[in-house]
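Visitor: So that you have it, the file is upload06.cif, and it contains mmCIF, C-alpha atoms and all ligand atoms:
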```cif
data_final
#
loop_
_atom_site.label_atom_id
_atom_site.label_comp_id
_atom_site.auth_asym_id
_atom_site.auth_seq_id
_atom_site.Cartn_x
_atom_site.Cartn_y
_atom_site.Cartn_z
CA MET O 465 -58.61 56.46 74.85
CA ARG O 466 -56.76 57.95 71.88
CA LEU O 467 -54.44 55.73 69.88
CA VAL O 468 -52.68 57.46 67.04
CA GLU O 469 -51.99 55.48 63.86
CA THR O 470 -48.23 55.49 63.31
CA GLU O 471 -46.40 53.79 60.52
CA PRO O 472 -47.58 50.20 61.00
CA THR O 473 -44.18 48.61 60.60
CA VAL O 474 -42.40 50.65 63.27
CA ALA O 475 -43.40 49.85 66.86
CA THR O 476 -47.07 50.85 66.87
CA SER O 477 -49.06 52.77 69.46
CA PHE O 478 -50.75 49.50 70.39
CA GLU O 479 -47.39 47.84 71.15
CA PHE O 480 -46.23 50.99 72.93
CA ALA O 481 -49.39 51.02 75.06
CA ALA O 482 -48.96 47.36 76.02
CA ALA O 483 -45.26 47.88 76.85
CA ILE O 484 -45.87 51.00 78.97
CA LEU O 485 -48.74 49.43 80.90
CA SER O 486 -46.73 46.33 81.69
CA GLY O 487 -43.37 48.12 82.23
CA LEU O 488 -44.83 50.66 84.67
CA SER O 489 -46.73 47.94 86.59
CA ALA O 490 -43.55 46.01 87.43
CA PRO O 491 -41.86 46.51 90.83
CA GLU O 492 -38.81 47.96 88.98
CA LYS O 493 -40.33 50.19 86.33
CA SER O 494 -39.03 50.13 82.77
CA ILE O 495 -39.91 51.07 79.18
CA PRO O 496 -38.21 49.07 76.37
CA CYS O 497 -35.62 51.07 74.42
CA ARG O 498 -37.11 50.31 71.01
CA PHE O 499 -39.82 52.87 71.77
CA LEU O 500 -37.21 55.66 71.88
CA TYR O 501 -37.35 55.83 68.07
CA ASP O 502 -40.57 57.54 67.00
CA ALA O 503 -40.09 60.42 64.50
CA ALA O 504 -39.07 62.88 67.26
CA GLY O 505 -36.77 60.32 68.93
CA SER O 506 -35.11 59.37 65.64
CA ALA O 507 -34.43 63.06 64.88
CA LEU O 508 -32.89 63.48 68.36
CA PHE O 509 -30.78 60.35 67.84
CA GLU O 510 -29.42 61.85 64.59
CA LYS O 511 -28.37 64.90 66.64
CA ILE O 512 -26.73 62.64 69.26
CA THR O 513 -24.53 61.06 66.58
CA ALA O 514 -23.00 64.50 65.86
CA LEU O 515 -22.38 65.52 69.50
CA PRO O 516 -18.78 66.15 70.56
CA GLU O 517 -19.16 63.71 73.49
CA TYR O 518 -20.75 60.92 71.40
CA TYR O 519 -17.60 59.35 69.90
CA PRO O 520 -19.10 56.07 68.50
CA THR O 521 -20.47 57.33 65.17
CA ARG O 522 -17.49 59.34 63.97
CA THR O 523 -15.02 56.76 65.28
CA GLU O 524 -16.77 53.89 63.49
CA ILE O 525 -16.88 55.93 60.27
CA ALA O 526 -13.13 56.55 60.51
CA ILE O 527 -12.43 52.84 61.14
CA LEU O 528 -14.67 51.79 58.24
CA GLY O 529 -12.91 54.30 56.00
CA SER O 530 -9.63 52.49 56.55
CA CYS O 531 -10.85 48.86 56.64
CA ALA O 532 -13.36 49.03 53.76
CA PRO O 533 -10.67 48.41 51.10
CA VAL O 534 -9.49 45.30 53.01
CA ILE O 535 -13.02 43.93 53.33
CA ALA O 536 -13.65 44.71 49.66
CA GLY O 537 -10.43 42.90 48.69
CA GLU O 538 -11.79 39.73 50.31
CA THR O 539 -15.17 40.05 48.63
CA GLU O 540 -15.64 38.03 45.45
CA PRO O 541 -17.44 39.62 42.50
CA GLY O 542 -21.14 38.79 42.53
CA THR O 543 -21.44 39.01 46.34
CA VAL O 544 -24.61 40.42 47.90
CA LEU O 545 -24.21 43.08 50.61
CA ILE O 546 -27.00 42.69 53.17
CA GLU O 547 -27.45 45.58 55.59
CA PHE O 548 -29.35 44.92 58.82
CA GLY O 549 -31.20 48.23 59.11
CA SER O 550 -31.01 50.97 56.50
CA GLY O 551 -30.31 54.14 58.40
CA SER O 552 -26.56 54.48 58.20
CA SER O 553 -25.97 56.19 54.87
CA ILE O 554 -22.33 57.27 55.19
CA LYS O 555 -21.24 53.92 56.60
CA THR O 556 -22.94 51.88 53.86
CA GLU O 557 -21.57 54.14 51.16
CA LEU O 558 -18.01 53.65 52.47
CA LEU O 559 -18.37 49.91 51.77
CA LEU O 560 -20.30 50.25 48.51
CA ALA O 561 -17.73 52.69 47.09
CA GLU O 562 -15.07 49.98 47.42
CA MET O 563 -17.21 47.18 45.97
CA PRO O 564 -18.11 47.96 42.33
CA ASP O 565 -18.67 44.25 41.48
CA LEU O 566 -21.44 43.48 43.96
CA TYR O 567 -24.44 41.59 42.60
CA ALA O 568 -26.87 43.54 44.80
CA TYR O 569 -27.35 45.60 47.94
CA VAL O 570 -30.15 44.29 50.19
CA PRO O 571 -31.18 46.63 53.04
CA ILE O 572 -33.48 44.93 55.57
CA ASP O 573 -35.59 47.22 57.73
CA ILE O 574 -38.88 47.14 59.59
CA SER O 575 -39.72 50.63 58.31
CA ARG O 576 -40.92 50.92 54.70
CA ALA O 577 -40.21 54.68 54.72
CA ALA O 578 -36.59 54.13 55.85
CA LEU O 579 -36.16 51.54 53.07
CA ASP O 580 -37.61 53.87 50.43
CA ASP O 581 -35.18 56.61 51.53
CA ALA O 582 -32.22 54.24 51.51
CA GLN O 583 -33.12 52.90 48.07
CA ALA O 584 -33.47 56.39 46.56
CA ARG O 585 -30.21 57.57 48.11
CA ILE O 586 -28.17 54.50 47.14
CA GLU O 587 -29.54 54.30 43.59
CA LYS O 588 -28.67 57.96 43.09
CA ARG O 589 -25.09 57.59 44.34
CA PHE O 590 -24.49 54.14 42.75
CA PRO O 591 -26.44 54.04 39.48
CA GLY O 592 -26.50 50.49 38.12
CA LEU O 593 -26.30 48.84 41.55
CA ARG O 594 -29.22 46.46 42.06
CA VAL O 595 -31.02 47.50 45.28
CA LEU O 596 -33.42 44.86 46.63
CA PRO O 597 -35.06 46.15 49.84
CA VAL O 598 -36.65 43.69 52.28
CA CYS O 599 -39.29 45.08 54.65
CA ALA O 600 -39.05 42.74 57.65
CA ASP O 601 -37.83 42.32 61.22
CA PHE O 602 -34.33 40.90 60.86
CA ALA O 603 -34.50 39.50 64.39
CA LYS O 604 -36.96 36.90 63.05
CA PRO O 605 -36.67 34.28 60.29
CA LEU O 606 -37.36 36.01 56.96
CA ALA O 607 -37.55 35.32 53.22
CA MET O 608 -34.76 36.82 51.10
CA PRO O 609 -35.23 37.91 47.45
CA HIS O 610 -35.10 34.85 45.15
CA GLU O 611 -32.60 36.64 42.84
CA ILE O 612 -29.81 36.32 45.40
CA ALA O 613 -30.14 32.54 45.94
CA GLY O 614 -26.76 30.80 45.82
CA ARG O 615 -24.68 34.01 45.83
CA PRO O 616 -22.04 34.77 48.48
CA ARG O 617 -23.36 37.08 51.20
CA LEU O 618 -21.75 39.77 53.32
CA GLY O 619 -23.83 41.13 56.23
CA PHE O 620 -23.34 44.63 57.65
CA PHE O 621 -24.60 45.76 61.06
CA PRO O 622 -22.86 49.01 62.09
CA GLY O 623 -23.57 51.36 64.99
CA SER O 624 -23.10 48.99 67.95
CA THR O 625 -26.87 48.58 68.01
CA ILE O 626 -26.13 45.00 69.14
CA GLY O 627 -25.10 46.62 72.46
CA ASN O 628 -28.68 47.66 73.18
CA LEU O 629 -29.59 43.99 73.63
CA ALA O 630 -28.97 41.77 76.65
CA GLU O 631 -26.42 39.04 75.90
CA ASP O 632 -28.90 36.20 75.24
CA ALA O 633 -30.95 38.37 72.90
CA ALA O 634 -27.74 39.56 71.18
CA VAL O 635 -26.68 35.92 70.64
CA GLU O 636 -30.12 35.08 69.24
CA LEU O 637 -29.91 38.03 66.81
CA LEU O 638 -26.37 37.08 65.75
CA ALA O 639 -27.54 33.49 65.18
CA ASN O 640 -30.37 34.73 62.95
CA MET O 641 -27.90 36.87 60.99
CA SER O 642 -25.70 33.80 60.53
CA LYS O 643 -28.70 31.92 59.07
CA ILE O 644 -29.38 34.84 56.72
CA VAL O 645 -25.82 35.02 55.32
CA GLY O 646 -25.47 31.19 55.32
CA LYS O 647 -22.46 28.97 55.99
CA GLY O 648 -19.26 30.72 54.90
CA GLY O 649 -21.02 34.10 54.69
CA ARG O 650 -19.47 37.06 56.52
CA LEU O 651 -20.64 39.80 58.85
CA VAL O 652 -19.08 43.23 59.44
CA ILE O 653 -20.39 44.53 62.76
CA GLY O 654 -19.61 47.54 64.95
CA ALA O 655 -19.18 47.11 68.72
CA ASP O 656 -18.45 49.85 71.23
CA LEU O 657 -15.49 49.14 73.53
CA LYS O 658 -15.21 49.28 77.33
CA LYS O 659 -13.49 52.41 78.53
CA ASP O 660 -13.19 54.98 81.27
CA SER O 661 -16.57 55.53 82.92
CA LYS O 662 -16.22 59.35 82.77
CA GLN O 663 -16.01 59.28 79.00
CA LEU O 664 -18.97 56.90 78.77
CA ILE O 665 -21.17 58.95 81.08
CA ALA O 666 -20.36 62.11 79.09
CA ALA O 667 -21.37 60.33 75.86
CA TYR O 668 -24.77 59.42 77.36
CA ASP O 669 -25.35 62.63 79.33
CA ASP O 670 -24.08 65.37 77.00
CA ALA O 671 -23.68 69.00 78.01
CA ALA O 672 -26.25 70.25 75.48
CA GLY O 673 -28.92 67.94 76.93
CA VAL O 674 -29.73 66.18 73.64
CA THR O 675 -29.56 62.68 75.16
CA ALA O 676 -31.75 63.89 78.04
CA ALA O 677 -34.32 65.13 75.50
CA PHE O 678 -34.06 61.78 73.64
CA ASN O 679 -34.77 59.86 76.85
CA LEU O 680 -37.54 62.21 78.10
CA ASN O 681 -39.20 61.96 74.68
CA LEU O 682 -40.48 58.54 75.82
CA LEU O 683 -42.82 60.30 78.26
CA LYS O 684 -43.72 62.99 75.70
CA ARG O 685 -44.49 60.20 73.24
CA ALA O 686 -46.82 58.57 75.80
CA ASN O 687 -48.58 61.93 76.21
CA ARG O 688 -48.85 62.42 72.42
CA GLU O 689 -49.80 58.92 71.37
CA LEU O 690 -51.61 57.49 74.36
CA GLY O 691 -53.14 60.61 75.86
CA ALA O 692 -51.06 60.12 79.04
CA ASN O 693 -50.46 63.07 81.37
CA PHE O 694 -46.82 62.79 82.45
CA ASP O 695 -45.43 66.08 83.77
CA VAL O 696 -42.20 65.70 81.82
CA SER O 697 -40.57 68.62 83.68
CA GLN O 698 -40.79 66.49 86.86
CA PHE O 699 -38.47 63.76 85.54
CA ASP O 700 -34.67 63.82 85.14
CA HIS O 701 -32.44 61.96 82.71
CA LEU O 702 -29.80 59.73 84.35
CA ALA O 703 -26.94 57.76 82.77
CA THR O 704 -24.86 55.31 84.83
CA TYR O 705 -22.04 52.91 83.95
CA ASP O 706 -21.59 49.53 85.64
CA ALA O 707 -18.00 48.49 84.87
CA ASP O 708 -18.54 44.91 86.13
CA LYS O 709 -21.48 44.36 83.81
CA GLY O 710 -19.86 46.49 81.07
CA ARG O 711 -22.98 48.48 80.40
CA VAL O 712 -24.34 52.01 80.39
CA ALA O 713 -27.90 52.24 81.73
CA LEU O 714 -30.32 55.09 81.07
CA TYR O 715 -33.13 55.97 83.46
CA LEU O 716 -35.85 58.57 83.92
CA VAL O 717 -35.90 59.62 87.57
CA SER O 718 -38.96 61.08 89.26
CA GLN O 719 -38.11 64.41 90.94
CA ALA O 720 -41.07 64.22 93.33
CA ASP O 721 -43.86 61.99 94.62
CA GLN O 722 -46.28 62.16 91.71
CA THR O 723 -48.80 60.21 89.65
CA ALA O 724 -49.47 59.92 85.93
CA THR O 725 -52.44 58.40 84.14
CA VAL O 726 -51.91 56.26 81.05
CA LEU O 727 -54.97 54.89 79.22
CA GLY O 728 -57.12 55.24 82.33
CA ARG O 729 -54.59 53.61 84.69
CA GLU O 730 -52.90 55.64 87.37
CA PHE O 731 -49.22 55.04 88.14
CA ALA O 732 -47.50 56.40 91.26
CA PHE O 733 -43.84 57.49 91.23
CA ALA O 734 -41.97 58.14 94.46
CA ALA O 735 -39.38 60.93 94.58
CA GLY O 736 -36.12 59.40 93.32
CA GLU O 737 -37.82 56.37 91.74
CA HIS O 738 -36.17 55.18 88.50
CA ILE O 739 -37.74 54.06 85.21
CA HIS O 740 -35.16 52.05 83.28
CA THR O 741 -35.16 52.92 79.56
CA GLU O 742 -31.99 51.57 77.90
CA TYR O 743 -28.85 49.47 78.27
CA SER O 744 -25.86 50.04 76.02
CA HIS O 745 -23.36 47.20 76.44
CA LYS O 746 -19.65 47.80 75.99
CA TYR O 747 -17.27 44.98 75.06
CA ASP O 748 -13.64 44.09 74.85
CA VAL O 749 -12.49 42.41 71.64
CA ASP O 750 -12.24 38.92 73.15
CA GLY O 751 -15.56 39.23 74.95
CA PHE O 752 -17.33 40.25 71.75
CA GLN O 753 -15.73 37.41 69.77
CA ALA O 754 -16.73 34.93 72.51
CA MET O 755 -20.33 36.18 72.36
CA ALA O 756 -20.33 35.91 68.55
CA ALA O 757 -18.89 32.37 68.80
CA ARG O 758 -21.97 31.34 70.82
CA ALA O 759 -23.99 32.26 67.72
CA GLY O 760 -21.74 30.28 65.35
CA TRP O 761 -19.42 33.07 64.15
CA GLN O 762 -15.64 32.76 63.78
CA PRO O 763 -13.44 35.86 63.92
CA VAL O 764 -11.74 36.89 60.66
CA ASN O 765 -10.50 40.43 61.40
CA VAL O 766 -10.99 43.20 63.92
CA TRP O 767 -10.13 46.86 63.57
CA THR O 768 -10.10 49.56 66.25
CA ASP O 769 -9.13 53.22 66.30
CA GLU O 770 -5.85 54.30 67.91
CA GLN O 771 -7.54 55.25 71.19
CA ARG O 772 -9.39 51.89 71.24
CA LEU O 773 -12.77 53.57 71.61
CA PHE O 774 -14.67 51.41 69.10
CA SER O 775 -14.25 48.13 67.21
CA VAL O 776 -15.35 46.82 63.82
CA HIS O 777 -15.38 43.02 63.59
CA GLU O 778 -15.37 40.84 60.50
CA LEU O 779 -16.80 37.39 61.27
CA ARG O 780 -17.45 34.26 59.23
CA ALA O 781 -20.45 31.95 59.73
CA ALA O 782 -19.15 28.47 60.64
C1 LIG C 801 -28.44 53.04 68.88
N1 LIG C 801 -27.50 52.81 69.99
C2 LIG C 801 -26.31 52.08 69.51
C3 LIG C 801 -27.18 54.00 70.78
C4 LIG C 801 -26.16 53.64 71.89
O1 LIG C 801 -25.11 54.30 71.94
O2 LIG C 801 -26.40 52.70 72.64
C5 LIG C 801 -28.43 54.59 71.40
C6 LIG C 801 -28.15 55.77 72.28
N2 LIG C 801 -28.73 56.00 73.44
C7 LIG C 801 -28.31 57.13 73.93
N3 LIG C 801 -27.39 57.62 73.14
C8 LIG C 801 -27.29 56.79 72.08
#
```
Kindly return the structure encoded in the file as structure tokens.
Ligand code: AVI
Guide:
Amino acid sequence: MRLVETEPTVATSFEFAAAILSGLSAPEKSIPCRFLYDAAGSALFEKITALPEYYPTRTEIAILGSCAPVIAGETEPGTVLIEFGSGSSIKTELLLAEMPDLYAYVPIDISRAALDDAQARIEKRFPGLRVLPVCADFAKPLAMPHEIAGRPRLGFFPGSTIGNLAEDAAVELLANMSKIVGKGGRLVIGADLKKDSKQLIAAYDDAAGVTAAFNLNLLKRANRELGANFDVSQFDHLATYDADKGRVALYLVSQADQTATVLGREFAFAAGEHIHTEYSHKYDVDGFQAMAARAGWQPVNVWTDEQRLFSVHELRAA
């Protein structure tokens, strides 16, 4: 058995091993989507965000460009901007550029390396801004820097990453964010909108095959990190959209009857058998606000682009 040491704060090989062994033993096979983001997967995701078919990133950036001055106008001097995650440089900078009187910027991320990058980048662009990184899992209760006690807080969670969670888990995460910003604190959050299934499928099954490579990297990662022997060329990428459930689903589909060995255990795959790897939920404005209300958030504002592809919500913790 060969377990490679990865950065301890990102999902480790040990967690990956446990998730693969249990996910491939279930009657309906699956691998949790958080394991898509090793170094290779994260680089492929960066490429996805620039694809012509993948509208969410550029659309959210355009929306933030026009609503940032409004959000900034409602933000009292001395507020702390708390970003859940630290990977979205352009988006964060759009807000920071409009908010010269912030007390501090607090990125929260499970990856120390991502935090170090964010800190260096933000301090360079905004000299004088206090950057107070917190290395933690923001889905769990966490301690915030003592310097920000008692200051108004504005949370920021762009990217529609909330959509990768099932509704109950999304509500739990939103409730934790509400605890972190405190009563009266606000959250600016991106949410992808429901739309024509053709456009959604194209966004998750692009012509250049980048999303396919991103999905198949899960099996390559198992080969690299766990010494598994998946024949990656014998699996296809599949994206589907269920309009009733409002979600895109990604799968890896076995092209043939085959087996693969992971950490000494053999798994059989029938031709056509699916391994589920990701959901990406799509919302309408009311549906998203109703979900946020379950976690104690009241709507303040919502902005969309002209084509209503994507939404940016401003919420207040009740
Ligand atoms: C990170 N997340 C919001 C992306 C999405 O659109 O659900 C992940 C992704 N998966 C395939 N393409 C993009």
Visitor: Residues at most 8 Å from Ile495 (chain O), counting only C-alpha atoms, excluding those fewer than 2 positions away in the same chain, as a PyMOL selection string?
Guide: chain O and resi 483-484+487-488+493+497+499+739-741
Visitor: Step by step, measure atom-to-atom distances between ligand LIG 801 (chain C) and each residue using all atoms listed in the file, keep those at most 6 Å, then write them as a ChimeraX atom specification.
Guide: /O:623-625,628,668,675,744
Visitor: For the atom pair CA of Asn640 (chain O) and CA of Asp706 (chain O), what is the interatomic distance in Å to one decimal place?
Guide: 28.5 Å
Visitor: Scan for residues within 12 Å of the point (-11.1, 48.1, 58.3) in the coordinates of the file, using only C-alpha atoms, and reply as a compact mmCIF listing (two decimals) with C-alpha atoms, in the coordinates of the input.
Guide:
```txt
# COMPACT_ATOMS: atom_id res chain seq x y z
CA THR O 523 -15.02 56.76 65.28
CA GLU O 524 -16.77 53.89 63.49
CA ILE O 525 -16.88 55.93 60.27
CA ALA O 526 -13.13 56.55 60.51
CA ILE O 527 -12.43 52.84 61.14
CA LEU O 528 -14.67 51.79 58.24
CA GLY O 529 -12.91 54.30 56.00
CA SER O 530 -9.63 52.49 56.55
CA CYS O 531 -10.85 48.86 56.64
CA ALA O 532 -13.36 49.03 53.76
CA PRO O 533 -10.67 48.41 51.10
CA VAL O 534 -9.49 45.30 53.01
CA ILE O 535 -13.02 43.93 53.33
CA ALA O 536 -13.65 44.71 49.66
CA GLY O 537 -10.43 42.90 48.69
CA GLU O 538 -11.79 39.73 50.31
CA LYS O 555 -21.24 53.92 56.60
CA LEU O 558 -18.01 53.65 52.47
CA LEU O 559 -18.37 49.91 51.77
CA GLU O 562 -15.07 49.98 47.42
CA VAL O 652 -19.08 43.23 59.44
CA ILE O 653 -20.39 44.53 62.76
CA GLY O 654 -19.61 47.54 64.95
CA VAL O 764 -11.74 36.89 60.66
CA ASN O 765 -10.50 40.43 61.40
CA VAL O 766 -10.99 43.20 63.92
CA TRP O 767 -10.13 46.86 63.57
CA THR O 768 -10.10 49.56 66.25
CA ASP O 769 -9.13 53.22 66.30
CA PHE O 774 -14.67 51.41 69.10
CA SER O 775 -14.25 48.13 67.21
CA VAL O 776 -15.35 46.82 63.82
CA HIS O 777 -15.38 43.02 63.59
CA GLU O 778 -15.37 40.84 60.50
```
Visitor: How far is it from CA of Ala503 (chain O) to CA of Glu636 (chain O), in Å with one decimal?
Guide: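 Computing it gives 27.6 Å between the two atoms.
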Visitor: Produce a table with one row for each residue of region 546-641 of chain O that has an atom at most 12 Å from any atom of region 712-732 of chain O, each row naming the nearest atom pair and its distance in Å at one decimal; use all atoms listed in the file; arrange rows by chain and rising residue number; format as JSON lines.
Guide:
```
{"residue": "O:Gly627", "atom": "CA", "partner": "O:Val712", "partner_atom": "CA", "distance": 9.6}
{"residue": "O:Asn628", "atom": "CA", "partner": "O:Val712", "partner_atom": "CA", "distance": 9.5}
{"residue": "O:Leu629", "atom": "CA", "partner": "O:Ala713", "partner_atom": "CA", "distance": 11.7}
{"residue": "O:Ala630", "atom": "CA", "partner": "O:Ala713", "partner_atom": "CA", "distance": 11.7}
```
Visitor: For the residues in the current selection, export C-alpha atoms as a CSV table (one decimal), keeping the file's coordinate frame.
Guide:
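Output contents, as saved in again33.csv:
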```csv
chain,number,residue,atom,x,y,z
O,627,GLY,CA,-25.1,46.6,72.5
O,628,ASN,CA,-28.7,47.7,73.2
O,629,LEU,CA,-29.6,44.0,73.6
O,630,ALA,CA,-29.0,41.8,76.6
```
Visitor: For Gly673 (chain O), which residue among O:Phe602, O:Tyr519, O:Phe480, O:Phe509 is the nearest when counting only C-alpha atoms?
Guide: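 That would be O:Phe509, the residue with the smallest distance to Gly673 (chain O).
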Visitor: Using only C-alpha atoms, which protein or nucleic acid residues come within 12 Å of Ser642 (chain O)? Drop anything in the same chain fewer than 5 positions from it, and give the result as a PyMOL selection string.
Guide: chain O and resi 546+548+602-605+617-620+635-637+647-652+756-762+779-782
Visitor: Figure out the distance between CA of Pro571 (chain O) and CA of Arg594 (chain O), please, to one decimal in Å.
Guide: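 Result for CA of Arg594 (chain O) versus CA of Pro571 (chain O): 11.2 Å, one decimal.
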Visitor: Counting all atoms listed in the file, which of O:Pro597, O:Pro564, O:Gly691, O:Gly646 gets nearest to Ala481 (chain O)?
Guide: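 Of O:Pro597, O:Pro564, O:Gly691, O:Gly646, the one nearest Ala481 (chain O) is O:Gly691, counting all atoms listed in the file.
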Visitor: Emit a file covering region 673-688 of chain O of the preceding structure with N, CA, C and O atoms, as a PDB file, in the first residue's frame.
Guide:
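Once written, decode-v1.pdb looks like this:
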```pdb
ATOM      1  N   GLY O 673     -13.093  19.195 -23.812  1.00  0.00           N
ATOM      2  CA  GLY O 673     -12.877  18.029 -22.944  1.00  0.00           C
ATOM      3  C   GLY O 673     -12.181  18.346 -21.623  1.00  0.00           C
ATOM      4  O   GLY O 673     -11.674  17.437 -20.950  1.00  0.00           O
ATOM      5  N   VAL O 674     -12.187  19.617 -21.220  1.00  0.00           N
ATOM      6  CA  VAL O 674     -11.507  19.971 -19.961  1.00  0.00           C
ATOM      7  C   VAL O 674     -12.291  19.430 -18.757  1.00  0.00           C
ATOM      8  O   VAL O 674     -11.707  18.899 -17.803  1.00  0.00           O
ATOM      9  N   THR O 675     -13.620  19.543 -18.805  1.00  0.00           N
ATOM     10  CA  THR O 675     -14.418  19.039 -17.671  1.00  0.00           C
ATOM     11  C   THR O 675     -14.311  17.512 -17.605  1.00  0.00           C
ATOM     12  O   THR O 675     -14.274  16.929 -16.512  1.00  0.00           O
ATOM     13  N   ALA O 676     -14.231  16.863 -18.762  1.00  0.00           N
ATOM     14  CA  ALA O 676     -14.035  15.407 -18.772  1.00  0.00           C
ATOM     15  C   ALA O 676     -12.711  15.063 -18.081  1.00  0.00           C
ATOM     16  O   ALA O 676     -12.651  14.161 -17.233  1.00  0.00           O
ATOM     17  N   ALA O 677     -11.651  15.815 -18.417  1.00  0.00           N
ATOM     18  CA  ALA O 677     -10.343  15.545 -17.801  1.00  0.00           C
ATOM     19  C   ALA O 677     -10.397  15.791 -16.292  1.00  0.00           C
ATOM     20  O   ALA O 677      -9.805  15.047 -15.494  1.00  0.00           O
ATOM     21  N   PHE O 678     -11.140  16.835 -15.889  1.00  0.00           N
ATOM     22  CA  PHE O 678     -11.313  17.180 -14.465  1.00  0.00           C
ATOM     23  C   PHE O 678     -11.983  16.014 -13.728  1.00  0.00           C
ATOM     24  O   PHE O 678     -11.550  15.603 -12.646  1.00  0.00           O
ATOM     25  N   ASN O 679     -13.015  15.456 -14.332  1.00  0.00           N
ATOM     26  CA  ASN O 679     -13.763  14.359 -13.718  1.00  0.00           C
ATOM     27  C   ASN O 679     -12.909  13.073 -13.694  1.00  0.00           C
ATOM     28  O   ASN O 679     -12.747  12.421 -12.654  1.00  0.00           O
ATOM     29  N   LEU O 680     -12.299  12.752 -14.843  1.00  0.00           N
ATOM     30  CA  LEU O 680     -11.476  11.522 -14.935  1.00  0.00           C
ATOM     31  C   LEU O 680     -10.244  11.594 -14.034  1.00  0.00           C
ATOM     32  O   LEU O 680      -9.682  10.558 -13.649  1.00  0.00           O
ATOM     33  N   ASN O 681      -9.830  12.833 -13.675  1.00  0.00           N
ATOM     34  CA  ASN O 681      -8.673  12.970 -12.788  1.00  0.00           C
ATOM     35  C   ASN O 681      -8.895  12.278 -11.435  1.00  0.00           C
ATOM     36  O   ASN O 681      -7.939  11.907 -10.758  1.00  0.00           O
ATOM     37  N   LEU O 682     -10.164  12.063 -11.069  1.00  0.00           N
ATOM     38  CA  LEU O 682     -10.434  11.339  -9.814  1.00  0.00           C
ATOM     39  C   LEU O 682      -9.819   9.940  -9.857  1.00  0.00           C
ATOM     40  O   LEU O 682      -9.240   9.466  -8.875  1.00  0.00           O
ATOM     41  N   LEU O 683      -9.964   9.281 -11.023  1.00  0.00           N
ATOM     42  CA  LEU O 683      -9.412   7.920 -11.146  1.00  0.00           C
ATOM     43  C   LEU O 683      -7.888   7.979 -11.253  1.00  0.00           C
ATOM     44  O   LEU O 683      -7.180   7.139 -10.683  1.00  0.00           O
ATOM     45  N   LYS O 684      -7.388   9.001 -11.995  1.00  0.00           N
ATOM     46  CA  LYS O 684      -5.918   9.160 -12.085  1.00  0.00           C
ATOM     47  C   LYS O 684      -5.351   9.421 -10.703  1.00  0.00           C
ATOM     48  O   LYS O 684      -4.282   8.942 -10.351  1.00  0.00           O
ATOM     49  N   ARG O 685      -6.080  10.242  -9.913  1.00  0.00           N
ATOM     50  CA  ARG O 685      -5.616  10.546  -8.554  1.00  0.00           C
ATOM     51  C   ARG O 685      -5.542   9.260  -7.716  1.00  0.00           C
ATOM     52  O   ARG O 685      -4.586   9.054  -6.969  1.00  0.00           O
ATOM     53  N   ALA O 686      -6.557   8.393  -7.876  1.00  0.00           N
ATOM     54  CA  ALA O 686      -6.550   7.121  -7.129  1.00  0.00           C
ATOM     55  C   ALA O 686      -5.342   6.288  -7.560  1.00  0.00           C
ATOM     56  O   ALA O 686      -4.675   5.658  -6.723  1.00  0.00           O
ATOM     57  N   ASN O 687      -5.024   6.302  -8.845  1.00  0.00           N
ATOM     58  CA  ASN O 687      -3.838   5.562  -9.314  1.00  0.00           C
ATOM     59  C   ASN O 687      -2.563   6.165  -8.721  1.00  0.00           C
ATOM     60  O   ASN O 687      -1.689   5.432  -8.243  1.00  0.00           O
ATOM     61  N   ARG O 688      -2.474   7.508  -8.747  1.00  0.00           N
ATOM     62  CA  ARG O 688      -1.265   8.188  -8.246  1.00  0.00           C
ATOM     63  C   ARG O 688      -1.105   8.026  -6.742  1.00  0.00           C
ATOM     64  O   ARG O 688      -0.044   7.673  -6.258  1.00  0.00           O
TER      65      ARG O 688
END
```
